[in-house]
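Enquirer: One structure is given below, represented as structure tokens, and several questions about it will come after.
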Amino acid sequence: MLLSIAMIGPVKLSTDSVHWTHKKSLKSSTMQYLDQPRSCCEYQLAYKIELHSDTARKWADSVHLLREQYSRQSVSKDDRGLEASRRVVRGPPPLHQATGDSPKWWNPPKIDFRATEAMKWYSGFDSGVGQAAYTGYDTSTGTMWVYEYSCQHDRLWEPNSIPDGDVFSRLKEAEQDVEPEPPSVRPNL
């Protein structure tokens with residue numbers, strides 16, 4: 001729902017336009033693409049939302065769950081596989097493959113950001129699609145910062161070199177076991 005709103009360009013969201021079960025907790029929000037989508041699998045989206053911490057936690061859980069699901073679903077039988085991990089990075093989060101200037105309001109603080117990062121590797125090529133979601137909540141201002149990203153032919157890391165964290169997918173050639181099913185309940189990071 002939020003991505004379809006953002007595709008029209010920079011917008012100011014009101015609580016009436018956000019379909020969220022806790023929209024009463026939403027104070028204000030700003031959302032903007034950092035660049036125009038080049039294809040269905042390439043985009044950069046940044047937004048900040050002023051809301052209460054319990055609602056921010058639920059919103060972040062949703063962002064990361066969707067990133068993980070989309071990453072898993074993006075892999076076809078012709079791809080080499082998916083490598084992915086959940087971890088915490090110090091903010092501001094990295095702006096992968098930025099093609100333009102960041103909006104003036106995009107100034108996330110140096111706080112911990114929850115990260116869900118994935119690399120879908122192509123078969124027969126040394127590249128793939130880099131995908132990530134970063135969320136951080138600034139308790140001093142009640143603001144959640146979100147950066148979502150997907151870019152074809154980007155490399156977040158080398159094959160079989162997943163960053164430290166809670167790895168939820170490996171290349172099958174590197175791990176001869178069957179990939180575990182995604183958890184039904186998301187842990188709070």
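Simple scheme: letters A, B, ... for chains in structure tokens order, numbers from 1 for residues in each chain, numbers from 1 for ligands in the order shown.
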What's around Arg114 in chain A at 8 Å? Count only C-alpha atoms, leave out sequence neighbours fewer than 5 positions away in its own chain, and write the answer as number ranges by chain.
Expert: A: 86-89, 134-136, 189
Enquirer: List every residue of range 26-182 of chain A that DSSP, applied to the backbone of this structure, places in strand (DSSP E), and write the result as a ChimeraX atom specification.
Expert: /A:26-33,43-51,79-90,112-122,128-138,143-152,166-169
Enquirer: Please determine, counting only C-alpha atoms, which residue among A:Val63, A:Ala84, A:Leu51, A:Ile111 has the shortest atom-to-atom distance to Asp138 in chain A.
Expert: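 Residue with the minimum atom-to-atom distance to Asp138 in chain A: A:Ile111.
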Enquirer: Between A:Ser140, A:Gly130, A:Arg67, A:Asp164, single out the one closest to Thr116 in chain A, counting only C-alpha atoms.
Expert: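 Comparing A:Ser140, A:Gly130, A:Arg67, A:Asp164 against Thr116 in chain A, the winner is A:Arg67.
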Enquirer: Leaving out His153 in chain A and any residue of its chain fewer than 2 positions from it, which residues lie within 8 Å of it when counting only C-alpha atoms, given as a ChimeraX atom specification?
Expert: /A:127-130,151,155
Enquirer: Counting only C-alpha atoms, which residue out of A:Ile49, A:Val167, A:Leu82, A:Leu156 sits closest to Tyr70 in chain A?
Expert: A:Leu82
Enquirer: Which residue out of A:Thr139, A:Gln69, A:Asn107, A:Ser85 has the minimum interatomic distance to Lys48 in chain A when only C-alpha atoms are used?
Expert: A:Asn107
Enquirer: Please indicate the distance in Å from CA of Val75 in chain A to CA of Trp121 in chain A, rounded to one decimal place.
Expert: 8.6 Å
Enquirer: Closest to Asp166 in chain A among A:Asp54, A:Glu83, A:Asp61, A:Asp78, using only C-alpha atoms?
Expert: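 Closest candidate: A:Glu83.
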Enquirer: State, in Å with one decimal place, the distance from CA of Ser161 in chain A to CA of Trp145 in chain A.
Expert: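 Computing it gives 27.4 Å between the two atoms.
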Enquirer: Kindly provide the residues of range 120-158 of chain A that approach range 43-47 of chain A to within 9 Å, each paired with its closest atom pair and their distance in Å to one decimal, based on only C-alpha atoms, listed by chain and increasing number, as a tab-separated table.
Expert:
residue	atom	partner	partner_atom	distance
A:Met144	CA	A:Tyr47	CA	8.3
A:Trp145	CA	A:Tyr47	CA	6.1
A:Val146	CA	A:Tyr47	CA	5.3
A:Tyr147	CA	A:Ala46	CA	4.5
A:Glu148	CA	A:Leu45	CA	5.1
A:Tyr149	CA	A:Gln44	CA	4.5
A:Ser150	CA	A:Tyr43	CA	5.4
A:Cys151	CA	A:Tyr43	CA	6.5
Enquirer: Please produce an output containing N, CA and C atoms for each residue in the selection, written as a PDB file, in the first residue's frame.
Expert:
ATOM      1  N   MET A 144      10.526   7.304  13.328  1.00  0.00           N
ATOM      2  CA  MET A 144      11.076   6.098  12.724  1.00  0.00           C
ATOM      3  C   MET A 144      11.584   6.458  11.330  1.00  0.00           C
ATOM      4  N   TRP A 145      12.800   6.029  11.037  1.00  0.00           N
ATOM      5  CA  TRP A 145      13.447   6.250   9.747  1.00  0.00           C
ATOM      6  C   TRP A 145      13.475   4.927   9.002  1.00  0.00           C
ATOM      7  N   VAL A 146      13.082   4.954   7.718  1.00  0.00           N
ATOM      8  CA  VAL A 146      13.023   3.733   6.925  1.00  0.00           C
ATOM      9  C   VAL A 146      13.684   3.986   5.576  1.00  0.00           C
ATOM     10  N   TYR A 147      14.559   3.069   5.179  1.00  0.00           N
ATOM     11  CA  TYR A 147      15.160   3.090   3.851  1.00  0.00           C
ATOM     12  C   TYR A 147      15.003   1.701   3.261  1.00  0.00           C
ATOM     13  N   GLU A 148      14.369   1.617   2.098  1.00  0.00           N
ATOM     14  CA  GLU A 148      14.187   0.346   1.411  1.00  0.00           C
ATOM     15  C   GLU A 148      14.840   0.450   0.045  1.00  0.00           C
ATOM     16  N   TYR A 149      15.328  -0.675  -0.438  1.00  0.00           N
ATOM     17  CA  TYR A 149      16.184  -0.638  -1.618  1.00  0.00           C
ATOM     18  C   TYR A 149      16.159  -1.976  -2.340  1.00  0.00           C
ATOM     19  N   SER A 150      16.236  -1.923  -3.650  1.00  0.00           N
ATOM     20  CA  SER A 150      16.453  -3.099  -4.490  1.00  0.00           C
ATOM     21  C   SER A 150      17.137  -2.609  -5.764  1.00  0.00           C
ATOM     22  N   CYS A 151      18.213  -3.290  -6.183  1.00  0.00           N
ATOM     23  CA  CYS A 151      18.925  -2.838  -7.381  1.00  0.00           C
ATOM     24  C   CYS A 151      19.555  -4.024  -8.107  1.00  0.00           C
TER      25      CYS A 151
END
